[in-house]
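Asker: This one is run-v9.cif, mmCIF, C-alpha atoms and all ligand atoms.
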```cif
data_data
#
loop_
_atom_site.label_atom_id
_atom_site.label_comp_id
_atom_site.auth_asym_id
_atom_site.auth_seq_id
_atom_site.Cartn_x
_atom_site.Cartn_y
_atom_site.Cartn_z
CA MET J 1 -4.06 -34.32 -3.45
CA LYS J 2 -6.98 -31.92 -3.85
CA LEU J 3 -5.66 -28.85 -2.10
CA LEU J 4 -7.55 -25.77 -0.99
CA VAL J 5 -5.27 -22.81 -0.29
CA THR J 6 -6.97 -19.92 1.47
CA GLY J 7 -5.40 -16.47 1.22
CA ALA J 8 -3.24 -17.37 -1.77
CA ALA J 9 -3.56 -13.93 -3.37
CA GLY J 10 -1.28 -12.65 -0.62
CA PHE J 11 2.46 -12.79 -0.11
CA ILE J 12 3.33 -16.16 1.44
CA GLY J 13 0.26 -17.94 0.05
CA SER J 14 1.04 -17.02 -3.56
CA ASN J 15 4.65 -18.10 -3.20
CA PHE J 16 3.44 -21.36 -1.65
CA VAL J 17 1.11 -22.14 -4.58
CA ARG J 18 3.96 -21.44 -7.02
CA LEU J 19 6.14 -23.93 -5.12
CA VAL J 20 3.42 -26.61 -5.02
CA LEU J 21 2.69 -26.35 -8.77
CA ASP J 22 6.43 -26.60 -9.52
CA THR J 23 7.03 -29.45 -7.07
CA ASP J 24 4.05 -31.68 -7.80
CA PRO J 25 1.97 -30.94 -10.92
CA THR J 26 -0.51 -33.68 -9.95
CA VAL J 27 -1.84 -31.57 -7.06
CA GLN J 28 -5.17 -29.94 -7.93
CA VAL J 29 -5.17 -26.47 -6.41
CA THR J 30 -8.22 -24.39 -5.54
CA VAL J 31 -7.69 -20.91 -4.10
CA LEU J 32 -10.18 -19.16 -1.85
CA ASP J 33 -9.33 -15.50 -1.31
CA ALA J 34 -11.42 -12.47 -0.37
CA LEU J 35 -9.09 -10.12 -2.29
CA ARG J 36 -9.01 -7.69 0.59
CA TYR J 37 -6.60 -4.77 0.45
CA SER J 38 -3.40 -6.87 0.47
CA GLY J 39 -4.56 -9.64 -1.88
CA ASN J 40 -4.23 -8.99 -5.58
CA LEU J 41 -5.10 -11.05 -8.64
CA SER J 42 -1.92 -9.66 -10.20
CA THR J 43 0.06 -11.51 -7.53
CA MET J 44 -1.30 -14.80 -8.92
CA ALA J 45 -1.18 -13.81 -12.61
CA ASP J 46 1.53 -16.32 -13.59
CA PHE J 47 -0.30 -19.36 -12.16
CA LEU J 48 -3.96 -18.30 -12.37
CA PRO J 49 -4.60 -20.46 -15.47
CA ARG J 50 -3.39 -23.53 -13.54
CA ILE J 51 -5.68 -23.23 -10.53
CA ARG J 52 -9.35 -22.78 -9.72
CA PHE J 53 -10.09 -19.42 -8.08
CA VAL J 54 -13.03 -18.68 -5.78
CA ARG J 55 -13.49 -15.24 -4.29
CA GLY J 56 -14.73 -15.17 -0.70
CA GLU J 57 -14.04 -14.96 3.02
CA ILE J 58 -12.96 -17.86 5.20
CA GLN J 59 -15.60 -16.72 7.74
CA ASP J 60 -18.31 -17.51 5.20
CA ARG J 61 -19.45 -20.93 6.48
CA GLY J 62 -21.77 -21.62 3.56
CA LEU J 63 -19.12 -20.83 0.96
CA VAL J 64 -16.37 -22.83 2.69
CA ASP J 65 -18.76 -25.77 2.98
CA GLN J 66 -19.68 -25.52 -0.70
CA VAL J 67 -16.05 -25.31 -1.88
CA LEU J 68 -14.97 -28.34 0.18
CA ARG J 69 -17.92 -30.39 -1.08
CA GLU J 70 -17.88 -29.31 -4.72
CA TYR J 71 -14.15 -29.79 -5.26
CA HIS J 72 -13.70 -32.88 -3.05
CA VAL J 73 -10.96 -31.13 -1.09
CA THR J 74 -8.62 -33.48 0.80
CA HIS J 75 -6.06 -30.99 2.19
CA LEU J 76 -6.39 -27.35 3.27
CA VAL J 77 -3.65 -24.81 3.97
CA ASN J 78 -4.80 -21.54 5.56
CA PHE J 79 -2.87 -18.35 4.78
CA ALA J 80 -5.89 -16.03 5.01
CA ALA J 81 -5.07 -13.42 7.65
CA GLU J 82 -4.95 -9.81 8.63
CA SER J 83 -1.22 -9.64 9.19
CA HIS J 84 -0.02 -6.12 9.90
CA ASN J 85 0.73 -5.19 13.51
CA ASP J 86 0.48 -1.46 12.86
CA ARG J 87 -3.00 -1.75 11.37
CA SER J 88 -4.08 -3.79 14.38
CA LEU J 89 -3.11 -0.84 16.57
CA LEU J 90 -5.50 1.39 14.61
CA ASP J 91 -8.45 -1.04 14.49
CA ASN J 92 -8.36 -4.71 15.41
CA SER J 93 -11.88 -6.03 14.84
CA SER J 94 -11.12 -7.47 11.38
CA PHE J 95 -8.12 -9.27 12.92
CA VAL J 96 -10.29 -11.22 15.33
CA GLN J 97 -12.84 -11.88 12.58
CA THR J 98 -10.35 -13.41 10.15
CA ASN J 99 -7.53 -14.72 12.32
CA THR J 100 -9.62 -16.27 15.08
CA LEU J 101 -13.23 -16.73 13.94
CA GLY J 102 -12.16 -17.59 10.39
CA VAL J 103 -9.95 -20.39 11.69
CA GLN J 104 -12.86 -21.73 13.73
CA VAL J 105 -14.98 -21.93 10.55
CA LEU J 106 -12.21 -23.80 8.69
CA LEU J 107 -11.69 -26.24 11.56
CA GLU J 108 -15.40 -27.03 11.77
CA ALA J 109 -15.55 -27.51 8.00
CA ALA J 110 -12.46 -29.76 8.05
CA ARG J 111 -14.14 -31.91 10.69
CA LYS J 112 -17.46 -32.08 8.86
CA HIS J 113 -15.85 -33.06 5.54
CA GLY J 114 -13.26 -35.41 7.03
CA LEU J 115 -10.22 -33.71 5.48
CA GLU J 116 -6.99 -35.70 5.55
CA ARG J 117 -5.01 -32.60 6.70
CA ILE J 118 -5.58 -28.99 7.58
CA LEU J 119 -2.50 -26.83 8.08
CA HIS J 120 -2.84 -23.44 9.72
CA VAL J 121 -0.08 -20.92 8.98
CA SER J 122 0.77 -18.91 12.08
CA THR J 123 3.58 -16.73 13.37
CA ASP J 124 6.41 -16.60 15.89
CA GLU J 125 4.74 -13.48 17.29
CA VAL J 126 2.31 -15.63 19.28
CA TYR J 127 5.23 -16.38 21.64
CA GLY J 128 5.85 -12.68 22.33
CA SER J 129 9.38 -11.33 22.72
CA ILE J 130 12.48 -13.20 23.89
CA ALA J 131 15.60 -11.48 25.29
CA ASP J 132 17.96 -14.50 25.08
CA GLY J 133 17.77 -17.98 23.63
CA GLU J 134 15.11 -19.31 21.27
CA PHE J 135 11.42 -20.15 21.30
CA THR J 136 10.56 -23.81 20.93
CA GLU J 137 7.13 -25.15 20.04
CA GLU J 138 6.59 -25.71 23.77
CA SER J 139 7.17 -22.06 24.73
CA PRO J 140 4.13 -20.37 26.28
CA LEU J 141 2.02 -18.07 24.13
CA LYS J 142 2.37 -14.43 25.23
CA PRO J 143 1.21 -12.27 22.32
CA ASN J 144 1.66 -8.51 22.72
CA THR J 145 -0.38 -6.89 19.95
CA PRO J 146 -4.00 -7.38 18.91
CA TYR J 147 -2.65 -8.95 15.70
CA SER J 148 -0.55 -11.56 17.49
CA ALA J 149 -3.31 -12.21 20.05
CA SER J 150 -5.79 -12.91 17.24
CA LYS J 151 -3.29 -15.35 15.69
CA ALA J 152 -2.75 -17.04 19.07
CA GLY J 153 -6.52 -17.46 19.30
CA GLY J 154 -6.46 -19.35 15.99
CA ASP J 155 -3.56 -21.51 17.18
CA LEU J 156 -5.37 -22.46 20.38
CA LEU J 157 -8.51 -23.39 18.47
CA CYS J 158 -6.36 -25.70 16.31
CA ARG J 159 -4.94 -27.36 19.39
CA SER J 160 -8.39 -27.80 20.90
CA HIS J 161 -9.83 -29.31 17.71
CA TRP J 162 -7.05 -31.90 17.67
CA VAL J 163 -7.53 -32.76 21.35
CA SER J 164 -11.33 -32.70 21.31
CA PHE J 165 -12.17 -34.10 17.87
CA GLN J 166 -8.87 -35.51 16.50
CA THR J 167 -9.16 -33.16 13.54
CA PRO J 168 -5.79 -33.74 11.79
CA VAL J 169 -4.53 -30.19 12.12
CA ILE J 170 -0.95 -28.94 11.95
CA VAL J 171 0.21 -25.44 12.89
CA THR J 172 3.34 -23.79 11.50
CA ARG J 173 4.82 -20.65 13.06
CA GLY J 174 6.96 -18.61 10.73
CA GLY J 175 9.47 -15.84 11.28
CA ASN J 176 9.70 -12.47 9.51
CA THR J 177 9.40 -13.35 5.86
CA TYR J 178 10.78 -11.40 2.91
CA GLY J 179 10.90 -11.79 -0.86
CA PRO J 180 8.89 -10.95 -4.01
CA TYR J 181 5.19 -9.95 -3.98
CA HIS J 182 5.33 -8.61 -0.41
CA TYR J 183 2.64 -5.96 0.09
CA PRO J 184 4.39 -2.61 0.67
CA GLU J 185 3.34 -1.99 4.27
CA LYS J 186 5.88 -4.21 6.07
CA LEU J 187 9.42 -2.99 6.78
CA ILE J 188 11.32 -4.25 3.70
CA PRO J 189 8.75 -3.70 0.91
CA PHE J 190 7.51 -0.42 2.44
CA PHE J 191 11.03 0.93 2.60
CA MET J 192 11.83 -0.33 -0.90
CA VAL J 193 8.89 1.41 -2.57
CA ARG J 194 9.60 4.64 -0.69
CA LEU J 195 13.31 4.64 -1.52
CA LEU J 196 12.54 3.88 -5.17
CA SER J 197 10.15 6.84 -5.09
CA GLY J 198 12.88 9.12 -3.69
CA LYS J 199 11.25 9.33 -0.24
CA ARG J 200 12.73 9.00 3.24
CA VAL J 201 11.90 5.92 5.33
CA PRO J 202 10.45 5.95 8.88
CA LEU J 203 12.62 3.88 11.23
CA TYR J 204 10.90 3.26 14.57
CA GLY J 205 13.15 4.59 17.34
CA GLU J 206 16.80 3.65 16.88
CA GLY J 207 15.98 0.48 14.92
CA LEU J 208 17.46 -1.79 17.58
CA GLN J 209 14.76 -4.47 17.50
CA VAL J 210 15.87 -7.88 16.25
CA ARG J 211 13.88 -9.92 13.74
CA GLU J 212 14.67 -13.42 12.50
CA TRP J 213 14.37 -13.28 8.70
CA ILE J 214 13.44 -16.13 6.38
CA HIS J 215 13.11 -16.04 2.60
CA VAL J 216 9.55 -16.65 1.41
CA LYS J 217 10.62 -19.66 -0.69
CA ASP J 218 12.13 -21.28 2.40
CA HIS J 219 9.04 -20.45 4.43
CA ALA J 220 6.85 -21.99 1.70
CA SER J 221 8.96 -25.14 1.51
CA GLY J 222 8.79 -25.45 5.31
CA ILE J 223 4.99 -25.41 5.13
CA TRP J 224 5.01 -27.98 2.29
CA THR J 225 7.29 -30.25 4.36
CA ALA J 226 5.06 -29.92 7.43
CA LEU J 227 1.95 -30.65 5.34
CA ASN J 228 3.41 -33.82 3.85
CA LYS J 229 5.61 -35.14 6.64
CA GLY J 230 4.34 -33.50 9.82
CA GLU J 231 2.32 -35.22 12.52
CA PRO J 232 -1.28 -34.14 13.12
CA GLY J 233 -1.74 -32.21 16.34
CA GLN J 234 1.81 -30.84 16.17
CA VAL J 235 3.26 -27.35 15.87
CA TYR J 236 6.37 -26.65 13.76
CA ASN J 237 8.52 -23.53 13.92
CA VAL J 238 9.68 -22.32 10.50
CA GLY J 239 12.67 -20.11 11.17
CA ASP J 240 16.10 -19.40 9.77
CA VAL J 241 19.23 -18.24 11.58
CA ASN J 242 19.22 -14.68 10.18
CA GLU J 243 18.81 -12.44 13.20
CA ARG J 244 19.28 -8.78 12.32
CA GLN J 245 18.53 -5.45 13.94
CA ASN J 246 16.16 -3.31 11.88
CA ARG J 247 18.85 -0.68 11.36
CA GLU J 248 21.14 -3.34 9.81
CA VAL J 249 18.41 -4.32 7.35
CA VAL J 250 17.84 -0.69 6.41
CA ASP J 251 21.59 -0.07 5.95
CA PHE J 252 21.69 -3.04 3.58
CA LEU J 253 18.80 -1.68 1.48
CA LEU J 254 20.48 1.74 1.31
CA SER J 255 23.81 0.27 0.25
CA GLN J 256 22.15 -1.83 -2.47
CA LEU J 257 20.49 1.29 -3.87
CA GLY J 258 23.60 3.47 -3.52
CA LEU J 259 21.87 5.79 -1.01
CA ASP J 260 23.11 7.21 2.29
CA SER J 261 21.61 7.53 5.78
CA THR J 262 19.97 10.90 5.03
CA TYR J 263 17.17 8.77 3.56
CA VAL J 264 16.34 7.45 7.05
CA LYS J 265 14.07 9.42 9.34
CA LYS J 266 14.01 8.12 12.91
CA ILE J 267 10.52 8.59 14.30
CA PRO J 268 9.08 8.08 17.81
CA ASP J 269 8.19 4.40 18.10
CA PRO J 270 4.46 4.12 17.21
CA ARG J 271 4.28 0.63 18.76
CA GLN J 272 5.72 1.76 22.10
CA GLY J 273 5.29 -0.97 24.75
CA ALA J 274 3.82 -3.38 22.18
CA HIS J 275 7.03 -3.37 20.13
CA ASP J 276 8.61 -6.79 20.59
CA ALA J 277 12.36 -6.43 21.08
CA ARG J 278 13.49 -9.74 19.62
CA TYR J 279 12.20 -12.91 17.96
CA SER J 280 14.21 -16.09 17.65
CA MET J 281 12.99 -19.62 17.03
CA ASN J 282 14.40 -23.10 17.22
CA ALA J 283 13.33 -24.94 14.06
CA SER J 284 14.99 -28.30 14.76
CA LYS J 285 11.63 -30.11 14.90
CA LEU J 286 10.91 -29.22 11.27
CA GLN J 287 14.52 -29.88 10.30
CA ALA J 288 14.13 -33.40 11.68
CA LEU J 289 11.58 -33.91 8.85
CA GLY J 290 14.28 -33.08 6.30
CA TRP J 291 13.58 -29.36 5.76
CA ARG J 292 16.49 -26.94 5.33
CA PRO J 293 16.32 -23.26 4.39
CA SER J 294 18.47 -22.65 1.31
CA THR J 295 18.65 -18.87 0.83
CA GLY J 296 21.34 -16.83 2.60
CA PHE J 297 19.95 -13.57 3.96
CA GLU J 298 22.20 -11.16 2.07
CA ASP J 299 21.73 -13.06 -1.23
CA GLY J 300 17.97 -13.26 -0.73
CA LEU J 301 17.73 -9.59 0.18
CA GLU J 302 19.82 -8.58 -2.82
CA ASP J 303 17.43 -10.53 -5.09
CA THR J 304 14.45 -8.95 -3.34
CA VAL J 305 15.82 -5.44 -3.88
CA LYS J 306 16.29 -6.31 -7.54
CA TRP J 307 12.74 -7.68 -7.75
CA TYR J 308 11.24 -4.41 -6.48
CA CYS J 309 13.45 -2.45 -8.90
CA ASP J 310 12.29 -4.64 -11.81
CA ASN J 311 8.60 -4.96 -10.89
CA GLU J 312 7.35 -1.44 -10.49
CA GLU J 313 4.27 -2.35 -12.56
CA TRP J 314 3.28 -4.66 -9.67
CA TRP J 315 3.73 -2.23 -6.75
CA ARG J 316 3.06 1.17 -8.33
CA PRO J 317 -0.74 0.64 -8.69
CA ILE J 318 -0.86 -0.49 -5.04
CA VAL J 319 0.87 2.60 -3.65
CA GLN J 320 -1.29 4.86 -5.84
CA ASN J 321 -4.45 3.32 -4.44
CA GLU J 322 -6.48 5.76 -2.29
CA SER J 323 -6.97 3.33 0.61
CA TYR J 324 -3.22 2.63 0.72
CA LYS J 325 -2.47 6.34 0.84
CA ALA J 326 -5.12 6.79 3.54
CA PHE J 327 -3.45 4.20 5.77
CA VAL J 328 0.01 5.73 5.32
CA ARG J 329 -1.43 9.18 6.14
CA ALA J 330 -3.30 7.89 9.19
CA PHE J 331 -0.37 5.95 10.62
CA TYR J 332 2.65 8.06 9.63
CA GLY J 333 1.12 11.50 8.97
CA ARG J 334 2.18 13.13 12.21
CA SER J 335 5.67 11.61 12.43
CA LEU J 336 6.66 11.96 8.77
CA GLY J 337 5.22 15.43 8.26
CA ASP J 338 6.56 16.91 5.03
CA ASP J 339 8.26 13.58 4.21
CA LEU J 340 4.91 11.80 3.88
O1 LIG M 1 7.49 -12.46 12.93
C1 LIG M 1 6.51 -12.76 11.98
C2 LIG M 1 5.70 -11.53 11.72
O2 LIG M 1 6.53 -10.64 11.01
C3 LIG M 1 4.41 -11.79 10.96
O3 LIG M 1 3.57 -12.55 11.76
C4 LIG M 1 3.72 -10.48 10.64
O4 LIG M 1 2.59 -10.70 9.85
C5 LIG M 1 4.69 -9.58 9.90
O5 LIG M 1 4.08 -8.32 9.69
C6 LIG M 1 5.97 -9.41 10.69
O6 LIG M 1 5.72 -8.63 11.88
P1 LIG M 1 6.63 -7.38 12.27
O7 LIG M 1 5.79 -6.44 13.06
O8 LIG M 1 7.92 -7.83 12.87
O9 LIG M 1 6.94 -6.82 10.77
P2 LIG M 1 7.08 -5.36 10.18
O10 LIG M 1 7.68 -5.52 8.83
O11 LIG M 1 5.84 -4.57 10.30
O12 LIG M 1 8.17 -4.69 11.13
C7 LIG M 1 9.48 -5.24 11.23
C8 LIG M 1 10.27 -4.33 12.16
O13 LIG M 1 10.50 -3.07 11.49
C9 LIG M 1 9.57 -4.00 13.46
O14 LIG M 1 10.51 -4.01 14.52
C10 LIG M 1 9.02 -2.60 13.25
C11 LIG M 1 10.02 -1.97 12.26
N1 LIG M 1 9.43 -0.99 11.34
C12 LIG M 1 8.36 -1.39 10.56
C13 LIG M 1 7.75 -0.52 9.70
C14 LIG M 1 6.56 -0.94 8.87
C15 LIG M 1 9.96 0.28 11.19
O15 LIG M 1 10.96 0.64 11.85
N2 LIG M 1 9.36 1.15 10.33
C16 LIG M 1 8.26 0.82 9.58
O16 LIG M 1 7.73 1.69 8.84
#
```
As structure tokens - that is how I would like this structure written.
Ligand code: DAU
Answerer:
Amino acid sequence: MKLLVTGAAGFIGSNFVRLVLDTDPTVQVTVLDALRYSGNLSTMADFLPRIRFVRGEIQDRGLVDQVLREYHVTHLVNFAAESHNDRSLLDNSSFVQTNTLGVQVLLEAARKHGLERILHVSTDEVYGSIADGEFTEESPLKPNTPYSASKAGGDLLCRSHWVSFQTPVIVTRGGNTYGPYHYPEKLIPFFMVRLLSGKRVPLYGEGLQVREWIHVKDHASGIWTALNKGEPGQVYNVGDVNERQNREVVDFLLSQLGLDSTYVKKIPDPRQGAHDARYSMNASKLQALGWRPSTGFEDGLEDTVKWYCDNEEWWRPIVQNESYKAFVRAFYGRSLGDDL
């Protein structure tokens, strides 16, 4: 397999490449990544010598075309995305550019070069929020933020390219993912780096929203299973059974670090009506292909806490970066005040 992985300098993509290289050393991996704010070469440091790296955007038609031709790519997995809901509430144009138009470029290129498979990595957020029960792959798409709408746009383009051109495309929709190398803007890594810096953490509202958590290694193995055993034209949910309220997750982090609830600052919910109350997916379709998640939530979270404690040299340069600080100021300045 000659595999192009786009967006592999990010969280799930880098963990996926690690898994592929460990699982099947015969796979030739090329990475295309724009190294935007959340993609770092340091995230790929351990496997960089074993892959070919090209810097660039997935929206760059000429470059994508050149990479597919030059390296005789047979399979493509797309992780490249703008992925943070809160940023999409500040400015969402880059979300549509990458998450929707970028996918269109990859699909056209896959068609032109006759790829054997293209797998697009998406999210459970395209379904919107669910009060009871679980989303299946047949659930309607009802995205609530500009981020999730831009992802839904990519998903629908995938569907249309299968129906219209029989491009062999698979879509996976993952739940809230946690683990090492997670850029410190999402709940768990953001709270970890703040707590390790002696700062209070901003919990939106009362922290009652429910997220379905999956360890990044399980998410990566779900994508690998779907790539190798999935049917073209199909969607596969990649979820685990770990539903937790945000406040439960935060309590667990505090207890691991030996801290008390004075480190939590409840702030007015910045997402307001766009804050999905609950996600829950049925993943039996992927399980029917033999996939099983293998990391219990508490064990995985304990390891993740340890990873952030042990890998300050990875996250410290990120949080000291001026653009990172500018985002935190812009989004949390008013609500965190002196705690910023
Ligand atoms: O469900 C999959 C999705 O999970 C992915 O598609 C997204 O890329 C990923 O960002 C994540 O979306 P969420 O919006 O659920 O993740 P986030 O970590 O930003 O927030 C998780 C919950 O924690 C959410 O209910 C908001 C809350 N939260 C988050 C942050 C950053 C806080 O209370 N305080 C915070 O500072």
Asker: Determine the nearest neighbour of Leu89 in chain J from the options J:Val29, J:Leu48, J:Leu101, J:Ala149, counting all atoms listed in the file.
Answerer: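 Checking each candidate against Leu89 in chain J, we get J:Ala149 as the closest.
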Asker: Give me, as CSV, the closest atom pair and its distance (Å, one decimal) for every residue of chain J within a cut-off of 7 Å of ligand LIG 1 (chain M), counting only C-alpha atoms and all ligand atoms, rows sorted by chain and rising number.
Answerer:
```
residue,atom,partner,partner_atom,distance
J:Ser83,CA,M:LIG1,O4,4.0
J:His84,CA,M:LIG1,O5,4.7
J:Asn85,CA,M:LIG1,O7,5.2
J:Asp86,CA,M:LIG1,O11,6.7
J:Ser122,CA,M:LIG1,O3,7.0
J:Thr123,CA,M:LIG1,O3,4.5
J:Asp124,CA,M:LIG1,O1,5.2
J:Glu125,CA,M:LIG1,O1,5.3
J:Gly174,CA,M:LIG1,C1,6.0
J:Gly175,CA,M:LIG1,O1,4.3
J:Asn176,CA,M:LIG1,O2,4.0
J:Thr177,CA,M:LIG1,O2,6.5
J:Glu185,CA,M:LIG1,C14,5.7
J:Lys186,CA,M:LIG1,O10,3.5
J:Leu187,CA,M:LIG1,O10,3.7
J:Ile188,CA,M:LIG1,O10,6.4
J:Phe190,CA,M:LIG1,C14,6.5
J:Val201,CA,M:LIG1,O16,6.9
J:Pro202,CA,M:LIG1,O16,5.1
J:Leu203,CA,M:LIG1,O15,3.7
J:Tyr204,CA,M:LIG1,O15,3.8
J:Gly207,CA,M:LIG1,O15,5.9
J:Gln209,CA,M:LIG1,O14,5.2
J:Val210,CA,M:LIG1,O14,6.8
J:Arg211,CA,M:LIG1,O8,6.4
J:Asn246,CA,M:LIG1,O13,5.7
J:His275,CA,M:LIG1,O14,6.6
J:Asp276,CA,M:LIG1,O14,6.9
J:Tyr279,CA,M:LIG1,O1,6.9
```
Asker: Considering only C-alpha atoms, return as a PyMOL selection string whatever protein or nucleic-acid residues lie within 9 Å of Asp218 in chain J, sequence-local ones (same chain, fewer than 6 positions apart) excluded.
Answerer: chain J and resi 238-240+291-295
Asker: Which residue, J:Trp307, J:Phe252, J:Tyr324, J:Tyr236, has the smallest gap to Thr136 in chain J when you use all atoms listed in the file?
Answerer: J:Tyr236
Asker: Between J:Asp260, J:Glu116, J:Asp310, J:Asp132, which is the closest to Val73 in chain J once you count all atoms listed in the file?
Answerer: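 Distance minimum relative to Val73 in chain J lands on J:Glu116.
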Asker: For range 57-69 of chain J, list every protein, DNA or RNA residue within 8 Å, evaluated using all atoms listed in the file, and leave out those in the same chain fewer than 5 positions away; present the list as a compact mmCIF listing (two decimals) with C-alpha atoms, in the frame of the given file.
Answerer:
```
# COMPACT_ATOMS: atom_id res chain seq x y z
CA LEU J 4 -7.55 -25.77 -0.99
CA THR J 6 -6.97 -19.92 1.47
CA LEU J 32 -10.18 -19.16 -1.85
CA ASP J 33 -9.33 -15.50 -1.31
CA ALA J 34 -11.42 -12.47 -0.37
CA ALA J 80 -5.89 -16.03 5.01
CA GLN J 97 -12.84 -11.88 12.58
CA THR J 98 -10.35 -13.41 10.15
CA LEU J 101 -13.23 -16.73 13.94
CA GLY J 102 -12.16 -17.59 10.39
CA VAL J 103 -9.95 -20.39 11.69
CA VAL J 105 -14.98 -21.93 10.55
CA LEU J 106 -12.21 -23.80 8.69
CA ALA J 109 -15.55 -27.51 8.00
CA HIS J 113 -15.85 -33.06 5.54
```
Asker: What residues have an atom no more than 10 Å from (15.4, 10.8, 13.9) in the file's own frame, counting all atoms listed in the file, and can you write them as a PDB file with C-alpha atoms, keeping the file's coordinate frame?
Answerer:
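Saved result, result.pdb, follows:
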```pdb
ATOM      1  CA  PRO J 202      10.450   5.950   8.880  1.00  0.00           C
ATOM      2  CA  LEU J 203      12.620   3.880  11.230  1.00  0.00           C
ATOM      3  CA  TYR J 204      10.900   3.260  14.570  1.00  0.00           C
ATOM      4  CA  GLY J 205      13.150   4.590  17.340  1.00  0.00           C
ATOM      5  CA  GLU J 206      16.800   3.650  16.880  1.00  0.00           C
ATOM      6  CA  THR J 262      19.970  10.900   5.030  1.00  0.00           C
ATOM      7  CA  VAL J 264      16.340   7.450   7.050  1.00  0.00           C
ATOM      8  CA  LYS J 265      14.070   9.420   9.340  1.00  0.00           C
ATOM      9  CA  LYS J 266      14.010   8.120  12.910  1.00  0.00           C
ATOM     10  CA  ILE J 267      10.520   8.590  14.300  1.00  0.00           C
ATOM     11  CA  PRO J 268       9.080   8.080  17.810  1.00  0.00           C
ATOM     12  CA  SER J 335       5.670  11.610  12.430  1.00  0.00           C
TER      13      SER J 335
END
```
Asker: Which residues come within 12 Å of Gly300 in chain J, counting all atoms listed in the file, excluding same-chain residues fewer than 2 positions away, as a VMD selection string?
Answerer: chain J and resid 177 to 180 213 to 218 242 252 to 253 293 to 298 302 to 307
Asker: Counting only C-alpha atoms, figure out which residue out of J:Tyr127, J:Phe165, J:Phe191, J:Trp224 gets nearest to Leu76 in chain J.
Answerer: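 Looking at the shortest contact to Leu76 in chain J, the residue is J:Trp224.
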Asker: With a distance cut-off of 8 Å and all atoms listed in the file, select the neighbouring residues of Met1 in chain J, excluding the residue or stretch itself and same-chain residues fewer than 2 positions from it, and output the selection as a list in words.
Answerer: Leu3, Thr26, Val27, Gln28, Val73, Thr74 and His75 of chain J
Asker: Find the residues near Phe79 in chain J: any atom within 7 Å, counting only C-alpha atoms, skip ones fewer than 6 places away on the same chain, and give them as a list in words.
Answerer: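 Selected residues are Thr6, Gly7, Ala8, Gly13 and Val121 of chain J.
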Asker: Find the distance between CA of Ser93 in chain J and CA of Arg173 in chain J and write it in Å to one decimal.
Answerer: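 Result for CA of Ser93 in chain J versus CA of Arg173 in chain J: 22.3 Å, one decimal.
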Asker: I'd like the interatomic distance between CA of Leu340 in chain J and CA of Asp251 in chain J, to a tenth of an Å.
Answerer: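 CA of Leu340 in chain J sits 20.6 Å away from CA of Asp251 in chain J.
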Asker: Mind filling out range 271-279 of chain J with N, CA, C and O atoms and sending it as a compact mmCIF listing (two decimals), in the coordinates of the input?
Answerer:
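Saved file selection.txt follows:
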```
# COMPACT_ATOMS: atom_id res chain seq x y z
N ARG J 271 4.77 1.85 18.07
CA ARG J 271 4.28 0.63 18.76
C ARG J 271 4.50 0.71 20.27
O ARG J 271 3.93 -0.07 21.03
N GLN J 272 5.40 1.57 20.67
CA GLN J 272 5.72 1.76 22.10
C GLN J 272 5.88 0.43 22.83
O GLN J 272 6.62 -0.43 22.39
N GLY J 273 5.12 0.24 23.93
CA GLY J 273 5.29 -0.97 24.75
C GLY J 273 4.96 -2.26 24.01
O GLY J 273 5.37 -3.35 24.43
N ALA J 274 4.21 -2.17 22.91
CA ALA J 274 3.82 -3.38 22.18
C ALA J 274 4.87 -3.77 21.14
O ALA J 274 4.65 -4.70 20.36
N HIS J 275 6.00 -3.06 21.13
CA HIS J 275 7.03 -3.37 20.13
C HIS J 275 7.95 -4.47 20.65
O HIS J 275 8.80 -4.23 21.51
N ASP J 276 7.78 -5.67 20.13
CA ASP J 276 8.61 -6.79 20.59
C ASP J 276 10.08 -6.52 20.26
O ASP J 276 10.41 -6.16 19.14
N ALA J 277 10.94 -6.75 21.25
CA ALA J 277 12.36 -6.43 21.08
C ALA J 277 13.09 -7.46 20.21
O ALA J 277 13.97 -7.11 19.42
N ARG J 278 12.73 -8.71 20.36
CA ARG J 278 13.49 -9.74 19.62
C ARG J 278 12.64 -10.99 19.42
O ARG J 278 11.91 -11.39 20.34
N TYR J 279 12.77 -11.58 18.23
CA TYR J 279 12.20 -12.91 17.96
C TYR J 279 13.34 -13.85 17.59
O TYR J 279 14.26 -13.46 16.86
```
